[in-house]
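Novice: Sharing a structure, written as C-alpha cells. Questions coming.
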Amino acid sequence: MAKDFTTREEDYSKWYNDIVKKADLAENSAVRGCMVIKPYGYAIWENMQAALDKMFKDTGHVNAYFPLFIPKSFLCKEADHVEGFAKECAVITHYRLKNDPNGGVMVDPEAKLEEELIVRPTSETIIWDTYKNWIQSYRDLPILCNQWANVVRWEMRTRLFLRTAEFLWQEGHTAHATREEALIETKQMLDVYADFAENFMAMPVLTGVKSPNERFAGAEDTYCIEALMQDGKALQAGTSHFLGQNFAKAFDVKFLNKENQLEYVWATSWGVSTRLIGALIMSHSDDHGLVLPPKLAPLQVVIVPIYKTEEQLQAITEKVSALRAALKTKNISVKFDDDDSKRSGWKFNEYELKGVPVRIAIGPRDLENNQVEIARRDTLEKHTASFDGLAEHIETLLEDIQQSIYNKALKFREENTRKADTWEEFIDILDNKGGFVLAHWDGTSETEELIKEKSKATIRVIPFNNEKEEGKCILTGKPSSQRVVFARAY
C-alpha cells in the first residue's frame with residue numbers, strides 16, 4: 001500500500017478519491033465536471049453491462065438508440081418533467097463556429113438554431129414522440145426497449161462516478177396496453193436491479209417505493225433499490241418508474257384496443273448508471289485499496305512467478321500453463337504476470353490495490369512441493385494449495401469470496417439499521433452513528449421537506465410489504481401507520 005493512501009477513518013471522501021485514482025478507474029477531464037473512465041474502470045462497467053444486458057434480454061427487452069438532442073418544446077409538454085430537470089439542462093443554441101478576427105474561433109451569430117436543443121438529461125420525451133409513430137393498435141404493444149447511452153445533467157458539485165455532468169447509463173422505456181401490465185413491468189425491472197446488485201455486486205439492497213417528494217419528475221410512482229455505504233450514507237443504486245399515462249397524454253400516444261376504442265398507452269422507464277461503480281467501491285473496499293466481487297472483476301486471478309533465473313521462470317511457466325488453460329475453460333479470467341521490469345513485491349501491492357480477488361504466487365520451492373501460495377483479496381488471508389485439483393479449488397474459492405463479500409456488507413447494514421422514536425434519538429443516530437434510521441413520519445410532503453431541512457436526511461425508501469405499526473411522527477407528533485427508512489445520502 002502506498003504511503004500516501006488515505007484510510008477511511010482519516011478522511012472517507014479522500015479515501016474514495018484515492019481508490020478511484022490509484023486503482024486506475026477514472027480521472028477528472030479537461031471539461032469541468034466530466035470524467036475520463038480509464039480502461040480498468042471501463043472494464044468493470046463492461047462486465048456490469050454484459051450481466052445487465054443479458055438480464056434485460058432474458059426478460060424480453062431489446063436494445064435501440066435514440067437521439068442525443070431533444071427539442072426544447074418536447075420538455076415543455078410534461079410539466080412535472082420539465083420542472084424536475086430544467087436546472088440541469090445543457091442547451092444548444094448555435095450550430096456553427098467561424099474564425100474570430102482576434103484569433104481562434106467564435107460562435108457564428110448568424111447560425112442560431114430556430115429552436116434550442118437540449119442535450120438529453122433523460123430520454124422520455126424524445127422516445128414518446130417516437131413511440132407515437134410506432135403505435136396504432138394493441139397489436140403493436142408492448143414495446144420493450146432499452147438503450148445504453150450517455151446523458152448530461154449539469155451538476156455543480158461533482159464527484160467521480162457518483163455525480164458527474166456527463167455519465168453513462170442504460171434507460172429502459174416500455175409501452176403497455178394496460179395499467180396492470182405497466183405495473184408488473186415496473187416491479188419486474190426493480191427485481192432485476194435488486195438481483196444484479198445482490199448476486200453480481202454482492203451489495204445488499206432495500207427495495208420499495210419512493211415518497212412523493214423523492215419521486216422521478218413525471219412519474220406516478222418510483223420504485224428503487226437503496227444501498228448503505230461504509231460511511232453510513234445511503235446511495236440510490238437504481239430506479240424503476242411507473243409513468244402511468246402522463247407521457248402518452250403529453251405526446252398524444254393512443255392505440256385502438258381490442259374493443260376498437262382509442263385509449264392512451266401506459267408507460268414505464270427504468271435505469272442504472274456508472275454510479276454503480278462508486279457503489280461498488282464504497283460497499284466493499286478497504287484501507288488497502290479496491291475490493292471487487294469476482295463476478296465483476298476484470299481480472300479474477302493473477303499468477304505471479306517468483307524466480308531468479310530464466311530456467312526457473314521457464315519451469316514455472318510450463319507448470320502453470322495447464323492451470324491457466326483449465327481456468328479459462330471455466331470462464332475464469334487469469335493473468336500470468338512475468339513482467340521482469342517489476343519486482344514481485346510491487347506486483348503484490350498493485351494487484352491488492354486493484355482488487356484482484358485471487359493472487360497466486362509460485363516459486364522454485366513451490367514447484368518442488370507441487371503447491372502454490374494463494375492470497376484472497378477480501379480477507380487478505382493466505383494459504384497453500386496443491387496443484388492437484390487447483391482449478392476446481394480456485395473456482396470454489398471465487399464463489400466463497402463472492403458470498404463472503406456479500407455477507408460482510410449485509411452484516412454491516414444490519415448493524416447500522418436503527419429505530420428512532422423521538423427527534424432527539426433521530427438526530428443522535430444521524431450525527432454519531434449514521435446508517436439507516438427507521439422512524440415514523442406523518443405522511444405529508446411538508447413534514448418530509450422540513451425533516452430534510454433540519455437534518456439533511458431524506459426518506460430513502462418505503463419498503464414493499466412494510467410492517468404496519470402505529471406511532472407518532474418524529475417531528476410533528478402526528479399519527480403514523482408505519483416506519484420509513486431515513487438516511488443521509490449521496
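Each chain in the C-alpha cells gets a letter, A, B, ..., in the order shown, and its residues are numbered from 1; ligands are numbered from 1 in order too.
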List the spatial neighbours of Val372 in chain A as a PyMOL selection string - criterion: any atom at most 12 Å away, only C-alpha atoms, same-chain residues fewer than 6 positions off excluded.

Specialist: chain A and resi 303-306+316+319-320+323+359-366+382-391+393-394

Novice: Using DSSP secondary structure from the backbone, list all strand (DSSP E or B) positions within range 63-260 of chain A, as a ChimeraX atom specification.

Specialist: /A:63,69-71,90-94,97-99,105-107,112-119,137,143-152,159,163,166-176,206-209,221-228,234-244,254-256

Novice: With only C-alpha atoms as the counted atoms, please give the residues lying no more than 8 Å from range 50-63 of chain A, apart from itself and same-chain residues fewer than 3 positions off, as a JSON list (two decimals) with C-alpha atoms, in the first residue's frame.

Specialist:
```json
[["chain", "number", "residue", "atom", "x", "y", "z"],
["A", 46, "GLU", "CA", -18.39, -3.57, -19.39],
["A", 47, "ASN", "CA", -18.86, -6.52, -17.01],
["A", 144, "LEU", "CA", -39.91, -3.18, -24.51],
["A", 145, "CYS", "CA", -36.90, -1.03, -25.46],
["A", 146, "ASN", "CA", -33.67, -0.28, -23.64],
["A", 147, "GLN", "CA", -30.80, 1.94, -24.69],
["A", 148, "TRP", "CA", -27.21, 2.16, -23.49],
["A", 192, "VAL", "CA", -33.80, -7.35, -11.97],
["A", 196, "PHE", "CA", -27.96, -7.78, -10.07]]
```

Novice: Do a neighbour search on Arg163 in chain A at 10 Å with only C-alpha atoms, toss out local chain neighbours closer than 4 positions, and write the hits as a ChimeraX atom specification.

Specialist: /A:33-35,153-159,167,274-275,278,490

Novice: Find the residues near range 23-26 of chain A: any atom within 8 Å, counting only C-alpha atoms, skip ones fewer than 3 places away on the same chain, and give them as a short mmCIF file (atom, residue, chain, number, x, y, z; two decimals) with C-alpha atoms, in the first residue's frame.

Specialist:
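Full text of part.cif as output:
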```cif
data_model
loop_
_atom_site.label_atom_id
_atom_site.label_comp_id
_atom_site.auth_asym_id
_atom_site.auth_seq_id
_atom_site.Cartn_x
_atom_site.Cartn_y
_atom_site.Cartn_z
CA ASP A 18 -7.59 7.87 -3.73
CA ILE A 19 -9.00 4.48 -4.66
CA VAL A 20 -10.61 5.79 -7.86
CA MET A 35 -14.59 12.29 -16.10
CA VAL A 36 -12.37 10.05 -18.16
CA ILE A 37 -13.17 6.42 -17.38
CA LYS A 38 -9.86 4.60 -17.72
CA PRO A 39 -9.55 1.09 -19.20
CA TYR A 40 -9.66 -0.73 -15.85
CA GLY A 41 -12.69 1.23 -14.68
CA TYR A 42 -14.38 0.76 -18.04
CA LEU A 160 -16.07 10.76 -9.88
CA GLY A 289 -7.49 -0.41 -1.90
CA LEU A 290 -10.22 -1.78 -4.11
CA LEU A 353 -4.79 -2.10 -4.74
CA LYS A 354 -6.76 -3.04 -7.87
#
```

Novice: I'd like the interatomic distance between CA of Thr186 in chain A and CA of Val272 in chain A, to a tenth of an Å.

Specialist: 13.8 Å

Novice: Quick one: everything within 8 Å of Asn416 in chain A, counting only C-alpha atoms, minus sequence neighbours fewer than 4 positions away in the same chain. Send it as a count of residues only.

Specialist: 6

Novice: Let me make sure I understand: among A:Val291, A:Ile281, A:Ala315, A:Ala43, which one has the smallest atom-to-atom distance to Phe161 in chain A if we use only C-alpha atoms?

Specialist: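 Once distances to Phe161 in chain A are computed over only C-alpha atoms, the minimum belongs to A:Ile281.
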
Novice: Measuring atom to atom with only C-alpha atoms, identify which of A:Ala248, A:Val358, A:Ala197, A:Val209 is nearest to Ser283 in chain A.

Specialist: A:Ala197

Novice: Leaving out range 236-245 of chain A and any residue of its chain fewer than 3 positions from it, which residues lie within 7 Å of it when counting only C-alpha atoms, given as an MDAnalysis selection string?

Specialist: chainID A and resid 179 182:183 186 189:190 193 218:227 248:249 264:272 276

Novice: In range 93-207 of chain A, what's helix (DSSP H, G or I) per DSSP? Answer as a ChimeraX atom specification?

Specialist: /A:109-111,124-134,138-140,179-199

Novice: Save out the residues we just selected, N, CA and C atoms, as an mmCIF file, in the first residue's frame.

Specialist:
```
data_model
loop_
_atom_site.group_PDB
_atom_site.id
_atom_site.type_symbol
_atom_site.label_atom_id
_atom_site.label_comp_id
_atom_site.auth_asym_id
_atom_site.auth_seq_id
_atom_site.Cartn_x
_atom_site.Cartn_y
_atom_site.Cartn_z
ATOM 1 N N PRO A 109 -22.891 34.267 -34.952
ATOM 2 C CA PRO A 109 -24.215 34.768 -34.538
ATOM 3 C C PRO A 109 -25.300 34.529 -35.586
ATOM 4 N N GLU A 110 -24.881 34.287 -36.821
ATOM 5 C CA GLU A 110 -25.847 34.023 -37.894
ATOM 6 C C GLU A 110 -26.342 32.566 -37.874
ATOM 7 N N ALA A 111 -25.711 31.745 -37.032
ATOM 8 C CA ALA A 111 -26.036 30.309 -37.032
ATOM 9 C C ALA A 111 -26.881 29.920 -35.822
ATOM 10 N N GLU A 124 -37.228 10.270 -21.930
ATOM 11 C CA GLU A 124 -38.673 10.036 -22.030
ATOM 12 C C GLU A 124 -39.328 10.814 -23.166
ATOM 13 N N THR A 125 -39.000 12.111 -23.288
ATOM 14 C CA THR A 125 -39.724 12.955 -24.246
ATOM 15 C C THR A 125 -39.433 12.573 -25.697
ATOM 16 N N ILE A 126 -38.165 12.395 -26.052
ATOM 17 C CA ILE A 126 -37.831 12.052 -27.438
ATOM 18 C C ILE A 126 -38.343 10.659 -27.781
ATOM 19 N N ILE A 127 -38.339 9.766 -26.804
ATOM 20 C CA ILE A 127 -38.795 8.399 -27.057
ATOM 21 C C ILE A 127 -40.310 8.357 -27.225
ATOM 22 N N TRP A 128 -41.044 9.097 -26.394
ATOM 23 C CA TRP A 128 -42.503 9.064 -26.537
ATOM 24 C C TRP A 128 -42.978 9.801 -27.785
ATOM 25 N N ASP A 129 -42.221 10.766 -28.256
ATOM 26 C CA ASP A 129 -42.537 11.362 -29.555
ATOM 27 C C ASP A 129 -42.334 10.333 -30.665
ATOM 28 N N THR A 130 -41.338 9.457 -30.492
ATOM 29 C CA THR A 130 -41.078 8.393 -31.467
ATOM 30 C C THR A 130 -42.141 7.303 -31.387
ATOM 31 N N TYR A 131 -42.491 6.908 -30.159
ATOM 32 C CA TYR A 131 -43.486 5.839 -29.993
ATOM 33 C C TYR A 131 -44.830 6.201 -30.621
ATOM 34 N N LYS A 132 -45.118 7.494 -30.706
ATOM 35 C CA LYS A 132 -46.369 7.943 -31.341
ATOM 36 C C LYS A 132 -46.461 7.404 -32.771
ATOM 37 N N ASN A 133 -45.310 7.261 -33.447
ATOM 38 C CA ASN A 133 -45.298 6.760 -34.824
ATOM 39 C C ASN A 133 -45.280 5.231 -34.883
ATOM 40 N N TRP A 134 -44.934 4.597 -33.768
ATOM 41 C CA TRP A 134 -44.822 3.134 -33.763
ATOM 42 C C TRP A 134 -46.119 2.443 -33.330
ATOM 43 N N TYR A 138 -53.457 -2.289 -30.364
ATOM 44 C CA TYR A 138 -52.982 -3.147 -29.267
ATOM 45 C C TYR A 138 -51.986 -4.184 -29.781
ATOM 46 N N ARG A 139 -52.033 -4.476 -31.093
ATOM 47 C CA ARG A 139 -51.096 -5.444 -31.671
ATOM 48 C C ARG A 139 -49.652 -4.922 -31.665
ATOM 49 N N ASP A 140 -49.481 -3.594 -31.549
ATOM 50 C CA ASP A 140 -48.148 -3.001 -31.525
ATOM 51 C C ASP A 140 -47.540 -2.994 -30.124
ATOM 52 N N ARG A 179 -52.776 -0.681 -17.440
ATOM 53 C CA ARG A 179 -52.106 -0.237 -16.223
ATOM 54 C C ARG A 179 -51.431 -1.413 -15.519
ATOM 55 N N GLU A 180 -52.133 -2.544 -15.477
ATOM 56 C CA GLU A 180 -51.627 -3.723 -14.775
ATOM 57 C C GLU A 180 -50.316 -4.214 -15.391
ATOM 58 N N GLU A 181 -50.268 -4.255 -16.729
ATOM 59 C CA GLU A 181 -49.041 -4.690 -17.408
ATOM 60 C C GLU A 181 -47.874 -3.763 -17.080
ATOM 61 N N ALA A 182 -48.133 -2.464 -17.084
ATOM 62 C CA ALA A 182 -47.079 -1.491 -16.805
ATOM 63 C C ALA A 182 -46.579 -1.618 -15.367
ATOM 64 N N LEU A 183 -47.485 -1.847 -14.439
ATOM 65 C CA LEU A 183 -47.085 -2.018 -13.037
ATOM 66 C C LEU A 183 -46.257 -3.284 -12.853
ATOM 67 N N ILE A 184 -46.659 -4.362 -13.530
ATOM 68 C CA ILE A 184 -45.884 -5.607 -13.467
ATOM 69 C C ILE A 184 -44.478 -5.382 -14.018
ATOM 70 N N GLU A 185 -44.368 -4.640 -15.131
ATOM 71 C CA GLU A 185 -43.072 -4.323 -15.724
ATOM 72 C C GLU A 185 -42.202 -3.501 -14.766
ATOM 73 N N THR A 186 -42.802 -2.495 -14.130
ATOM 74 C CA THR A 186 -42.056 -1.628 -13.215
ATOM 75 C C THR A 186 -41.448 -2.447 -12.082
ATOM 76 N N LYS A 187 -42.245 -3.337 -11.522
ATOM 77 C CA LYS A 187 -41.772 -4.166 -10.406
ATOM 78 C C LYS A 187 -40.759 -5.200 -10.900
ATOM 79 N N GLN A 188 -41.009 -5.781 -12.069
ATOM 80 C CA GLN A 188 -40.088 -6.784 -12.608
ATOM 81 C C GLN A 188 -38.693 -6.204 -12.784
ATOM 82 N N MET A 189 -38.615 -4.978 -13.320
ATOM 83 C CA MET A 189 -37.295 -4.402 -13.575
ATOM 84 C C MET A 189 -36.596 -4.004 -12.282
ATOM 85 N N LEU A 190 -37.357 -3.609 -11.273
ATOM 86 C CA LEU A 190 -36.732 -3.362 -9.979
ATOM 87 C C LEU A 190 -36.153 -4.665 -9.428
ATOM 88 N N ASP A 191 -36.881 -5.756 -9.614
ATOM 89 C CA ASP A 191 -36.376 -7.065 -9.166
ATOM 90 C C ASP A 191 -35.096 -7.446 -9.904
ATOM 91 N N VAL A 192 -35.023 -7.101 -11.194
ATOM 92 C CA VAL A 192 -33.800 -7.351 -11.970
ATOM 93 C C VAL A 192 -32.636 -6.578 -11.361
ATOM 94 N N TYR A 193 -32.879 -5.311 -11.030
ATOM 95 C CA TYR A 193 -31.821 -4.499 -10.422
ATOM 96 C C TYR A 193 -31.389 -5.057 -9.067
ATOM 97 N N ALA A 194 -32.355 -5.452 -8.269
ATOM 98 C CA ALA A 194 -32.027 -5.999 -6.948
ATOM 99 C C ALA A 194 -31.230 -7.299 -7.087
ATOM 100 N N ASP A 195 -31.629 -8.137 -8.029
ATOM 101 C CA ASP A 195 -30.925 -9.389 -8.305
ATOM 102 C C ASP A 195 -29.486 -9.093 -8.717
ATOM 103 N N PHE A 196 -29.306 -8.137 -9.611
ATOM 104 C CA PHE A 196 -27.964 -7.777 -10.071
ATOM 105 C C PHE A 196 -27.126 -7.225 -8.919
ATOM 106 N N ALA A 197 -27.705 -6.319 -8.134
ATOM 107 C CA ALA A 197 -26.966 -5.704 -7.027
ATOM 108 C C ALA A 197 -26.488 -6.756 -6.033
ATOM 109 N N GLU A 198 -27.361 -7.692 -5.707
ATOM 110 C CA GLU A 198 -27.025 -8.654 -4.663
ATOM 111 C C GLU A 198 -26.184 -9.813 -5.185
ATOM 112 N N ASN A 199 -26.477 -10.305 -6.373
ATOM 113 C CA ASN A 199 -25.811 -11.509 -6.857
ATOM 114 C C ASN A 199 -24.570 -11.251 -7.712
#
```
